[in-house]
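J.: Input file: start.tsv. Contents: TSV, C-alpha atoms.
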chain	number	residue	atom	x	y	z
P	24	MET	CA	-18.05	-30.02	-36.51
P	25	LYS	CA	-14.89	-29.15	-38.47
P	26	LYS	CA	-16.53	-26.02	-39.92
P	27	SER	CA	-17.44	-24.72	-36.43
P	28	ASN	CA	-13.85	-25.28	-35.18
P	29	LEU	CA	-12.44	-23.46	-38.22
P	30	LEU	CA	-14.87	-20.58	-37.68
P	31	LEU	CA	-13.93	-20.39	-33.99
P	32	CYS	CA	-10.19	-20.27	-34.84
P	33	CYS	CA	-10.77	-17.48	-37.37
P	34	LEU	CA	-12.75	-15.44	-34.86
P	35	LEU	CA	-10.09	-15.90	-32.18
P	36	ALA	CA	-7.30	-14.88	-34.57
P	37	ALA	CA	-9.22	-11.78	-35.69
P	38	GLY	CA	-9.96	-10.78	-32.08
P	39	CYS	CA	-6.31	-10.99	-31.01
P	40	ARG	CA	-5.23	-8.13	-33.29
P	41	GLU	CA	-3.95	-5.13	-31.25
P	42	THR	CA	-4.92	-1.63	-32.27
P	43	ALA	CA	-3.65	1.66	-30.85
P	44	PRO	CA	-5.59	4.93	-30.60
P	45	LYS	CA	-4.66	7.61	-33.17
P	46	ASP	CA	-3.19	10.13	-30.68
P	47	THR	CA	-0.70	7.79	-28.98
P	48	VAL	CA	3.03	7.34	-29.24
P	49	LYS	CA	4.73	3.98	-28.76
P	50	THR	CA	7.51	4.04	-26.16
P	51	GLU	CA	10.59	1.88	-26.52
P	52	ASP	CA	10.88	0.58	-22.95
P	53	ALA	CA	10.91	-3.06	-21.91
P	54	ALA	CA	7.17	-3.10	-21.23
P	55	LYS	CA	6.28	-1.78	-24.72
P	56	THR	CA	3.47	0.34	-23.30
P	57	THR	CA	1.35	2.83	-25.19
P	58	VAL	CA	1.33	6.34	-23.71
P	59	PRO	CA	-0.82	9.29	-24.81
P	60	ALA	CA	1.38	11.81	-26.63
P	61	ASP	CA	0.55	14.66	-24.26
P	62	GLN	CA	0.80	12.99	-20.83
P	63	THR	CA	2.83	10.64	-18.68
P	64	PRO	CA	0.89	7.99	-16.73
P	65	PRO	CA	0.41	9.12	-13.10
P	66	ALA	CA	2.17	6.05	-11.73
P	67	GLU	CA	5.36	7.01	-13.60
P	68	LYS	CA	5.48	10.52	-12.09
P	69	VAL	CA	6.79	9.30	-8.71
P	70	PRO	CA	10.25	7.66	-8.63
P	71	MET	CA	10.35	4.05	-7.45
P	72	TYR	CA	13.37	4.69	-5.17
P	73	ARG	CA	14.13	7.41	-2.63
P	74	THR	CA	17.30	9.47	-2.93
P	75	ALA	CA	17.44	9.93	0.87
P	76	VAL	CA	15.93	7.69	3.56
P	77	SER	CA	14.95	9.32	6.85
P	78	GLY	CA	15.92	7.53	10.05
P	79	GLU	CA	12.99	9.09	11.92
P	80	PRO	CA	9.48	7.60	11.89
P	81	VAL	CA	7.18	9.18	9.30
P	82	ALA	CA	4.10	8.17	11.33
P	83	GLU	CA	3.67	6.97	14.90
P	84	TYR	CA	0.93	5.80	17.26
P	85	LYS	CA	1.60	5.30	20.97
P	86	GLN	CA	-0.74	4.31	23.82
P	87	LYS	CA	0.24	3.56	27.42
P	88	THR	CA	-0.79	0.11	28.65
P	89	GLU	CA	-2.59	-0.45	31.96
P	90	ASN	CA	0.32	-2.22	33.65
P	91	PRO	CA	0.62	-0.64	37.13
P	92	LEU	CA	4.20	-1.83	37.73
P	93	ASN	CA	5.89	-0.82	34.49
P	94	ASP	CA	5.96	2.12	32.09
P	95	TRP	CA	4.97	0.06	29.03
P	96	TYR	CA	3.35	1.09	25.75
P	97	PHE	CA	1.58	-0.22	22.70
P	98	SER	CA	3.21	1.52	19.73
P	99	VAL	CA	3.43	1.38	15.96
P	100	LYS	CA	6.04	3.33	14.00
P	101	LEU	CA	6.47	3.58	10.23
P	102	TYR	CA	9.92	4.08	8.72
P	103	GLU	CA	10.93	4.84	5.15
P	104	THR	CA	12.92	2.30	3.16
P	105	SER	CA	14.90	2.85	-0.03
P	106	LYS	CA	11.79	1.89	-2.02
P	107	THR	CA	9.34	4.80	-2.26
P	108	PHE	CA	6.17	2.76	-1.73
P	109	GLN	CA	7.50	0.40	0.94
P	110	TYR	CA	7.65	1.14	4.69
P	111	LEU	CA	8.96	-0.78	7.68
P	112	MET	CA	6.42	-1.12	10.49
P	113	LYS	CA	7.96	-1.49	13.94
P	114	LEU	CA	5.45	-2.80	16.46
P	115	LYS	CA	5.70	-2.95	20.23
P	116	TYR	CA	3.42	-4.10	23.03
P	117	GLU	CA	4.95	-3.98	26.49
P	118	GLU	CA	8.16	-6.00	25.98
P	119	MET	CA	7.08	-7.79	22.78
P	120	GLU	CA	8.44	-6.39	19.52
P	121	GLY	CA	7.71	-7.20	15.91
P	122	GLU	CA	8.15	-5.93	12.38
P	123	ASP	CA	6.05	-5.95	9.24
P	124	THR	CA	6.28	-4.40	5.80
P	125	LEU	CA	3.72	-1.98	4.44
P	126	PHE	CA	3.42	-1.77	0.64
P	127	LEU	CA	1.45	1.30	-0.46
P	128	PRO	CA	-0.05	1.59	-3.95
P	129	ASN	CA	1.37	4.11	-6.42
P	130	VAL	CA	-1.58	6.48	-6.95
P	131	GLY	CA	0.52	9.02	-8.86
P	132	THR	CA	1.47	11.17	-5.85
P	133	PRO	CA	4.17	10.73	-3.21
P	134	PRO	CA	2.89	8.29	-0.55
P	135	LYS	CA	1.44	9.68	2.68
P	136	PRO	CA	1.22	6.91	5.31
P	137	VAL	CA	-1.08	7.61	8.26
P	138	ILE	CA	-1.83	5.83	11.55
P	139	GLN	CA	-5.21	6.41	13.18
P	140	LYS	CA	-6.61	5.29	16.52
P	141	GLY	CA	-8.52	2.02	16.36
P	142	GLU	CA	-11.82	1.14	17.97
P	143	ASP	CA	-10.11	-0.51	20.97
P	144	LYS	CA	-7.61	1.15	23.30
P	145	LEU	CA	-4.76	-1.07	22.16
P	146	SER	CA	-5.40	-0.94	18.42
P	147	CYS	CA	-4.70	1.32	15.49
P	148	ILE	CA	-5.37	1.45	11.77
P	149	VAL	CA	-2.44	1.88	9.40
P	150	GLY	CA	-3.31	3.35	6.03
P	151	PHE	CA	-2.56	6.14	3.62
P	152	MET	CA	-4.01	9.29	2.13
P	153	ASP	CA	-5.02	8.75	-1.49
P	154	ASN	CA	-4.65	11.30	-4.31
P	155	HIS	CA	-7.97	12.89	-3.21
P	156	ASP	CA	-6.75	13.28	0.43
P	157	GLN	CA	-9.10	10.58	1.71
P	158	PHE	CA	-7.84	8.12	4.33
P	159	ARG	CA	-7.68	4.54	3.05
P	160	GLU	CA	-7.38	1.91	5.76
P	161	TYR	CA	-4.96	-0.89	5.05
P	162	LYS	CA	-3.90	-2.85	8.15
P	163	LYS	CA	-5.08	-3.16	11.73
P	164	VAL	CA	-2.52	-3.58	14.52
P	165	TYR	CA	-3.99	-4.72	17.82
P	166	VAL	CA	-3.51	-6.71	21.01
P	167	LYS	CA	-5.64	-9.80	21.65
P	168	ASN	CA	-5.08	-12.19	24.56
P	169	ASP	CA	-1.80	-10.40	25.35
P	170	GLN	CA	-0.50	-11.09	21.83
P	171	LEU	CA	0.47	-8.50	19.23
P	172	LYS	CA	-1.41	-9.04	15.95
P	173	VAL	CA	-1.53	-7.52	12.46
P	174	THR	CA	-4.46	-8.04	10.10
P	175	SER	CA	-4.89	-6.78	6.55
P	176	LEU	CA	-8.21	-4.98	6.25
P	177	LYS	CA	-8.17	-4.17	2.55
P	178	HIS	CA	-6.03	-4.68	-0.53
P	179	TYR	CA	-5.37	-2.02	-3.15
P	180	SER	CA	-4.24	-1.99	-6.75
P	181	VAL	CA	-3.89	0.80	-9.28
P	182	VAL	CA	-5.05	0.51	-12.88
P	183	THR	CA	-4.25	3.10	-15.52
P	184	TYR	CA	-6.47	3.38	-18.57
P	185	THR	CA	-5.51	5.12	-21.79
P	186	LYS	CA	-8.05	6.82	-23.99
So that I can check it, write out the structure of this file as structure tokens.
T.:
Amino acid sequence: MKKSNLLLCCLLAAGCRETAPKDTVKTEDAAKTTVPADQTPPAEKVPMYRTAVSGEPVAEYKQKTENPLNDWYFSVKLYETSKTFQYLMKLKYEEMEGEDTLFLPNVGTPPKPVIQKGEDKLSCIVGFMDNHDQFREYKKVYVKNDQLKVTSLKHYSVVTYTK
């Protein structure tokens, strides 16, 4: 029994050794990451903070409700924040208002938030265009039983591999 425990410890210790590929350069940042000598990781190409924040919505969806007495709307507007990959979602249904935060993944290009029409009249899909210009759905905003609701449809993460 003692011999098998000793063997297991030796194997674990040998497997924990870190090796770096030959064509890499060690960076001296806090994360101590290894970066190929000829390229910067795509996620580091886009700054984490904006230099200027627009006060206008970057994306908007608006649909008139069927209330015959009032001029009411279902609407979703996305606004920039100081953080590049974070947006403020302002939601409205008739006289109800709400807010949510949209966190987009850093795919190595500036974020492009998009709002598309949903399957119901009072619904829309909030998402983004990825680095291949394909729409990626993220959240659904909709009205159910005269209540404004937000549901996450998918979750995204970005992984960078080095050769």
J.: To one decimal place, how far is CA of Tyr116 in chain P from CA of Glu103 in chain P in Å?
T.: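 Computing the Euclidean distance for CA of Tyr116 in chain P and CA of Glu103 in chain P yields 21.4 Å.
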J.: Go through P:Thr74, P:Thr132, P:Val173, P:Gln139 one by one, measure the shortest atom-to-atom distance of each to Asp156 in chain P using only C-alpha atoms, and give the residue with the smallest value.
T.: P:Thr132
J.: Smallest atom-to-atom distance to Phe108 in chain P: which of P:Tyr184, P:Tyr72, P:Trp95, P:Tyr165, using all atoms listed in the file?
T.: P:Tyr72
J.: Report the distance between CA of Val130 in chain P and CA of Thr107 in chain P in Å, rounded to one decimal place.
T.: 12.0 Å
J.: Please write as a list in words the list of polymer residues whose atoms come within 12 Å of (-9.0, -5.0, 1.1), counting all atoms listed in the file and keeping to the coordinates of the file.
T.: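 Those residues lying close to the given coordinates are Gly150, Arg159, Glu160, Tyr161, Lys162, Lys163, Thr174, Ser175, Leu176, Lys177, His178, Tyr179 and Ser180 of chain P.
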J.: Of the candidates P:Lys100, P:Lys68, P:Arg73, P:Lys167, which shows the shortest atom-to-atom distance to Glu120 in chain P, using only C-alpha atoms?
T.: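 Answer, going by the shortest atom-to-atom distance: P:Lys100.
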J.: One decimal, in Å: what's the spacing between CA of Val137 in chain P and CA of Met152 in chain P?
T.: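 Computing it gives 7.0 Å between the two atoms.
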J.: Of the candidates P:Gln157, P:Asn90, P:Thr104, P:Ser98, which one gets nearest to Ser77 in chain P if we count only C-alpha atoms?
T.: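 Nearest candidate to Ser77 in chain P out of P:Gln157, P:Asn90, P:Thr104, P:Ser98: P:Thr104.
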J.: When distances are computed from all atoms listed in the file, which of P:Val182, P:Val81, P:Met119, P:Leu92 shows the smallest separation from Phe151 in chain P?
T.: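 The answer is P:Val81, which sits nearest to Phe151 in chain P.
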J.: Considering all atoms listed in the file, state which residue in the set P:Ile148, P:Leu114, P:Leu101, P:Ala75 is at the smallest distance from Leu171 in chain P.
T.: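 Closest to Leu171 in chain P, using all atoms listed in the file: P:Leu114.
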